[in-house]
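Q: Contents of final.txt (compact mmCIF, C-alpha atoms) are given next:
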# COMPACT_ATOMS: atom_id res chain seq x y z
CA MET A 186 -51.02 -18.70 55.50
CA GLN A 187 -54.47 -17.11 55.64
CA PRO A 188 -55.49 -15.48 52.31
CA ASP A 189 -56.40 -11.78 52.33
CA THR A 190 -59.76 -12.50 50.73
CA SER A 191 -62.34 -15.25 50.99
CA LEU A 192 -62.48 -15.22 47.18
CA SER A 193 -59.13 -16.99 46.97
CA ALA A 194 -59.53 -20.70 46.24
CA ALA A 195 -55.90 -21.56 46.93
CA TRP A 196 -52.73 -20.26 48.54
CA LEU A 197 -49.45 -20.93 46.72
CA PRO A 198 -46.58 -18.91 48.23
CA ALA A 199 -44.23 -17.11 45.88
CA ALA A 200 -40.49 -16.90 46.54
CA ASN A 201 -39.80 -13.42 45.23
CA ILE A 202 -41.34 -11.14 47.85
CA GLU A 203 -40.17 -8.44 50.24
CA PRO A 204 -41.62 -5.68 52.44
CA ARG A 205 -43.11 -2.65 50.73
CA ARG A 206 -40.53 0.13 50.83
CA GLU A 207 -40.65 2.97 53.35
CA GLY A 208 -44.02 1.96 54.73
CA MET A 209 -45.78 2.34 51.37
CA ARG A 210 -49.29 0.99 51.04
CA PRO A 211 -51.08 -0.17 47.89
CA THR A 212 -52.72 2.69 46.01
CA ILE A 213 -52.68 1.07 42.54
CA LEU A 214 -54.40 -2.07 41.29
CA LEU A 215 -52.40 -3.39 38.33
CA MET A 216 -53.77 -5.81 35.73
CA HIS A 217 -51.54 -8.21 33.77
CA TYR A 218 -51.90 -11.21 31.55
CA THR A 219 -49.64 -14.22 32.09
CA GLY A 220 -48.37 -14.43 28.51
CA MET A 221 -47.81 -18.17 28.89
CA ALA A 222 -49.36 -21.25 27.31
CA SER A 223 -51.05 -22.49 30.49
CA ALA A 224 -52.13 -21.15 33.86
CA GLU A 225 -50.37 -24.07 35.54
CA GLY A 226 -47.11 -23.10 33.89
CA ALA A 227 -47.61 -19.49 34.94
CA LEU A 228 -48.26 -20.49 38.55
CA HIS A 229 -45.06 -22.56 38.61
CA TRP A 230 -43.03 -19.77 37.03
CA LEU A 231 -44.38 -17.10 39.37
CA CYS A 232 -43.37 -19.22 42.38
CA THR A 233 -39.88 -20.07 41.15
CA PRO A 234 -37.01 -18.03 42.67
CA GLN A 235 -35.09 -18.02 39.37
CA SER A 236 -37.97 -16.30 37.59
CA ARG A 237 -37.35 -13.04 39.48
CA VAL A 238 -41.08 -12.33 39.25
CA SER A 239 -44.16 -12.82 41.43
CA CYS A 240 -47.65 -11.40 41.85
CA HIS A 241 -50.33 -11.21 44.47
CA TYR A 242 -53.02 -13.13 42.59
CA LEU A 243 -53.46 -15.29 39.51
CA ILE A 244 -56.85 -15.95 37.90
CA ASP A 245 -56.97 -18.98 35.61
CA GLU A 246 -59.27 -19.48 32.62
CA MET A 247 -61.94 -21.06 34.84
CA GLY A 248 -61.99 -18.06 37.16
CA ARG A 249 -60.13 -19.81 39.99
CA ILE A 250 -58.21 -17.29 42.13
CA THR A 251 -54.86 -18.26 43.64
CA GLN A 252 -53.09 -15.92 46.06
CA MET A 253 -49.28 -16.04 46.10
CA VAL A 254 -48.21 -12.89 47.96
CA ARG A 255 -49.89 -11.18 50.90
CA GLU A 256 -51.26 -7.77 49.99
CA ASP A 257 -49.12 -6.05 52.63
CA MET A 258 -45.96 -7.36 50.91
CA ARG A 259 -44.16 -6.22 47.78
CA ALA A 260 -44.49 -8.59 44.81
CA TRP A 261 -42.24 -8.38 41.74
CA HIS A 262 -44.79 -7.93 38.98
CA ALA A 263 -44.39 -4.42 37.55
CA GLY A 264 -40.65 -4.24 36.90
CA ASP A 265 -39.28 -1.04 35.38
CA ALA A 266 -42.39 1.11 35.57
CA TYR A 267 -43.77 4.59 36.25
CA TRP A 268 -47.06 6.27 36.99
CA ALA A 269 -47.79 9.87 37.99
CA GLY A 270 -44.34 10.43 39.46
CA GLU A 271 -44.08 7.06 41.21
CA THR A 272 -41.24 4.80 40.10
CA ASP A 273 -41.58 2.00 42.65
CA ILE A 274 -44.81 0.62 41.28
CA ASN A 275 -44.25 -2.73 43.00
CA SER A 276 -44.37 -1.05 46.41
CA ALA A 277 -47.40 1.02 45.41
CA SER A 278 -49.54 -1.71 43.88
CA ILE A 279 -51.34 -5.02 44.08
CA GLY A 280 -50.83 -7.14 40.98
CA ILE A 281 -53.37 -9.47 39.40
CA GLU A 282 -52.21 -11.87 36.68
CA ILE A 283 -55.06 -13.09 34.45
CA HIS A 284 -54.21 -16.14 32.40
CA ASN A 285 -54.04 -15.44 28.67
CA PRO A 286 -51.34 -16.63 26.23
CA GLY A 287 -50.92 -13.02 25.14
CA HIS A 288 -49.75 -11.31 21.98
CA GLY A 289 -46.63 -13.48 21.67
CA LEU A 290 -48.59 -16.73 21.49
CA HIS A 291 -52.34 -16.87 20.77
CA TYR A 292 -53.94 -13.75 22.21
CA CYS A 293 -57.57 -14.54 22.83
CA ASP A 294 -60.66 -13.13 24.50
CA PHE A 295 -60.77 -13.35 28.27
CA ALA A 296 -63.25 -15.97 29.43
CA GLU A 297 -66.50 -14.97 31.10
CA ALA A 298 -65.52 -16.84 34.26
CA GLN A 299 -62.26 -14.93 34.37
CA MET A 300 -63.94 -11.57 34.02
CA GLN A 301 -66.44 -12.42 36.75
CA ALA A 302 -63.53 -13.32 39.03
CA VAL A 303 -61.64 -10.13 38.08
CA GLU A 304 -64.71 -8.07 38.97
CA ALA A 305 -65.23 -9.76 42.33
CA LEU A 306 -61.58 -9.67 43.36
CA SER A 307 -61.07 -6.09 42.19
CA LEU A 308 -64.11 -4.81 44.06
CA ASP A 309 -62.88 -6.59 47.19
CA ILE A 310 -59.37 -5.11 46.92
CA ILE A 311 -60.61 -1.62 46.07
CA ALA A 312 -62.99 -1.59 49.03
CA ARG A 313 -60.34 -2.72 51.50
CA HIS A 314 -57.60 -0.36 50.29
CA GLY A 315 -59.57 2.64 49.03
CA ILE A 316 -58.01 2.49 45.57
CA ARG A 317 -59.22 5.31 43.31
CA PRO A 318 -60.80 4.53 39.91
CA ALA A 319 -57.98 6.24 37.97
CA SER A 320 -55.45 4.05 39.79
CA VAL A 321 -56.78 0.79 38.34
CA LEU A 322 -54.25 0.36 35.57
CA ALA A 323 -52.81 -1.92 32.92
CA HIS A 324 -49.23 -3.14 33.01
CA SER A 325 -48.88 -1.44 29.64
CA ASP A 326 -49.94 1.89 31.19
CA VAL A 327 -47.05 1.89 33.66
CA ALA A 328 -44.50 0.30 31.31
CA ALA A 329 -45.61 1.43 27.85
CA TRP A 330 -42.11 1.14 26.42
CA ARG A 331 -41.94 -2.63 27.00
CA LYS A 332 -45.34 -4.15 27.86
CA ARG A 333 -48.66 -4.83 26.06
CA ASP A 334 -50.70 -6.57 28.73
CA PRO A 335 -53.47 -7.14 29.45
CA GLY A 336 -54.11 -5.74 25.98
CA GLU A 337 -56.95 -4.48 23.84
CA LYS A 338 -59.15 -7.57 24.37
CA PHE A 339 -59.40 -6.91 28.11
CA ASP A 340 -62.85 -5.51 28.85
CA TRP A 341 -62.16 -2.28 30.73
CA ALA A 342 -65.62 -0.93 29.85
CA ARG A 343 -67.25 -3.88 31.59
CA LEU A 344 -65.15 -3.34 34.71
CA ALA A 345 -66.04 0.35 34.75
CA GLY A 346 -69.71 -0.59 34.58
CA ALA A 347 -69.16 -2.61 37.74
CA GLY A 348 -67.50 0.35 39.47
CA ILE A 349 -63.90 -0.64 38.75
CA GLY A 350 -61.48 1.76 37.08
CA HIS A 351 -61.76 5.01 35.18
CA TRP A 352 -63.52 5.07 31.80
CA VAL A 353 -65.33 7.30 29.34
CA GLU A 354 -66.96 6.11 26.14
CA PRO A 355 -64.25 6.31 23.44
CA ALA A 356 -64.79 9.01 20.85
CA ARG A 357 -65.90 7.89 17.40
CA ILE A 358 -63.05 7.01 15.03
CA GLU A 359 -63.26 9.47 12.16
CA GLY A 360 -60.55 8.10 9.88
CA ASP A 361 -58.13 11.01 10.15
CA ALA A 362 -54.41 10.22 10.13
CA GLY A 363 -53.64 12.22 13.25
CA PHE A 364 -50.06 12.65 14.46
CA GLY A 365 -47.42 9.96 14.08
CA LEU A 366 -43.70 9.31 14.14
CA GLY A 367 -41.69 12.31 13.00
CA ASP A 368 -44.48 14.86 13.31
CA GLU A 369 -43.70 17.88 15.45
CA GLY A 370 -45.18 21.12 16.63
CA PRO A 371 -47.22 22.69 19.43
CA GLU A 372 -50.14 20.29 18.91
CA VAL A 373 -47.83 17.35 19.61
CA THR A 374 -46.55 19.10 22.73
CA ILE A 375 -50.11 19.47 24.01
CA VAL A 376 -50.86 15.77 23.50
CA GLN A 377 -47.66 14.82 25.32
CA ARG A 378 -48.47 17.14 28.22
CA VAL A 379 -51.99 15.78 28.62
CA LEU A 380 -50.70 12.20 28.60
CA ALA A 381 -48.16 13.17 31.27
CA ASP A 382 -50.86 14.92 33.30
CA TYR A 383 -52.91 11.74 33.24
CA GLY A 384 -49.96 9.79 34.62
CA TYR A 385 -47.95 8.33 31.73
CA ARG A 386 -44.16 8.56 31.54
CA ILE A 387 -43.60 10.92 28.63
CA THR A 388 -41.60 14.08 27.97
CA ALA A 389 -43.22 17.05 26.22
CA THR A 390 -40.68 17.72 23.48
CA GLY A 391 -42.99 18.65 20.62
CA LEU A 392 -41.58 15.76 18.57
CA PHE A 393 -43.70 12.65 18.06
CA ASP A 394 -40.91 10.20 18.79
CA SER A 395 -40.84 6.47 19.59
CA GLU A 396 -41.56 7.16 23.27
CA THR A 397 -44.70 9.06 22.31
CA ALA A 398 -45.81 6.30 19.95
CA CYS A 399 -45.41 3.70 22.73
CA VAL A 400 -47.44 5.77 25.18
CA VAL A 401 -50.21 6.52 22.66
CA THR A 402 -50.36 2.81 21.83
CA ALA A 403 -50.66 1.93 25.53
CA PHE A 404 -53.37 4.54 25.97
CA GLN A 405 -55.32 3.12 23.04
CA ARG A 406 -55.04 -0.47 24.33
CA HIS A 407 -56.73 0.63 27.54
CA PHE A 408 -59.06 3.48 26.57
CA ARG A 409 -59.65 3.28 22.77
CA PRO A 410 -59.20 -0.43 21.95
CA ALA A 411 -61.13 -0.44 18.67
CA LEU A 412 -58.04 0.84 16.83
CA VAL A 413 -54.56 0.46 18.30
CA ASN A 414 -52.09 2.06 15.90
CA GLY A 415 -49.98 4.44 17.99
CA ARG A 416 -51.22 7.52 16.13
CA ALA A 417 -52.79 10.45 17.98
CA ASP A 418 -55.93 10.93 15.88
CA ARG A 419 -58.95 13.03 16.84
CA SER A 420 -60.66 10.08 18.54
CA THR A 421 -57.62 9.36 20.72
CA ILE A 422 -57.10 13.01 21.66
CA ASP A 423 -60.76 13.62 22.43
CA THR A 424 -60.98 10.48 24.57
CA LEU A 425 -57.83 11.50 26.44
CA ASN A 426 -59.08 15.03 27.10
CA ARG A 427 -62.43 13.78 28.37
CA LEU A 428 -60.74 11.27 30.67
CA LEU A 429 -58.56 13.97 32.19
CA ALA A 430 -61.52 16.32 32.63
CA ASP A 431 -63.62 13.56 34.17
CA ARG A 432 -60.90 12.59 36.62
CA SER A 433 -60.61 16.11 37.98
Just give me the structure as structure tokens.

A:
Amino acid sequence: MQPDTSLSAAWLPAANIEPRREGMRPTILLMHYTGMASAEGALHWLCTPQSRVSCHYLIDEMGRITQMVREDMRAWHAGDAYWAGETDINSASIGIEIHNPGHGLHYCDFAEAQMQAVEALSLDIIARHGIRPASVLAHSDVAAWRKRDPGEKFDWARLAGAGIGHWVEPARIEGDAGFGLGDEGPEVTIVQRVLADYGYRITATGLFDSETACVVTAFQRHFRPALVNGRADRSTIDTLNRLLADRS
């Protein structure tokens, strides 16, 4: 099978693939980490039928890119997910797994070789599919209630500097408590609405519930990684508002 990109060093076909539904094309580029002890183990797992998962590409710690699913096919990498009204994220996206043991094992910085490979592959995919900056997302963005990857150590600012993804400089952390679990009122409703407007799955109830805490945490992992605590402080809210204004 011919890879979709010359950047791919290997082709290892996955078992869990299918056509994209209803003629959908990829409009989202979705970043993951493997969450496993080794890249070799992740490659084996992603190609095993019993795993019920797959992805388009895996980047190991040395920056080697392996393609497993053709970009015109639907890989099983997003699972139960949502973004901006879309619930079939697998049909709408191309998934890149970047090897990192993750929060459940020994979460570590992403290697320089990996980040160079992520940049090159992302730019290639974006150019070929016309993916918008605000549609380069984390797995945790589209599945905040269950996922943490690629996490706060992933260098989104670096990618943005290379022309990949949507980013504004995070607002300074001022030390205020902000809103947290159990808080309620019109200010909470506004935060929930702005998060929903940006694309997150959240209901504007006016109550800062567990769903809101998960979404705020996911937002911070991606856009305000210096402090990930699930509380909507001034820094988080200001960064969110500027992102939304910049996108439009």

Q: For the point (-53.5, -7.1, 28.2) in file coordinates, what residues are within 12 Å, counting all atoms listed in the file? Give the answer as a ChimeraX atom specification?

A: /A:215-220,281-289,292-295,322-326,329,332-341,403-407,410

Q: For atom CA of A:Ala260 and atom CA of A:Leu308, determine how far apart the two atoms are, in Å to one decimal place.

A: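 Going from atom CA of A:Ala260 over to atom CA of A:Leu308, I get 20.0 Å.
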
Q: I'd like the contact shell of A:Gly280 - 12 Å cut-off, only C-alpha atoms, skipping same-chain residues fewer than 5 positions apart - returned as an MDAnalysis selection string.

A: chainID A and resid 211:219 231 238:244 252:264 274:275 303 306:307 310 321:324 335

Q: Leaving out A:Met186 and any residue of its chain fewer than 2 positions from it, which residues lie within 9 Å of it when counting all atoms listed in the file, given as a list in words?

A: Pro188, Trp196, Pro198 and Arg255 of chain A

Q: So how many Å separate atom CA of A:Val401 and atom CA of A:Pro318, to one decimal?

A: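 The value is 20.3 Å.
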
Q: Neighbours of A:Ala328 within 8 Å (all atoms listed in the file; same-chain residues fewer than 5 positions away dropped), as a list in words?

A: Ala263, Asp265, Ala266 and Tyr267 of chain A

Q: Which residues come within 8 Å of A:Gly363, counting only C-alpha atoms, excluding same-chain residues fewer than 2 positions away, as a list of chain:residue names?

A: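 The residues that qualify are A:Asp361, A:Gly365, A:Arg416, A:Ala417, A:Asp418, A:Arg419.
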
Q: Under the rule that all atoms listed in the file are counted, which of A:His291, A:Arg409, A:Arg249, A:Arg210 is the nearest residue to A:Ala195?

A: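 Smallest separation from A:Ala195 among the options: A:Arg249.
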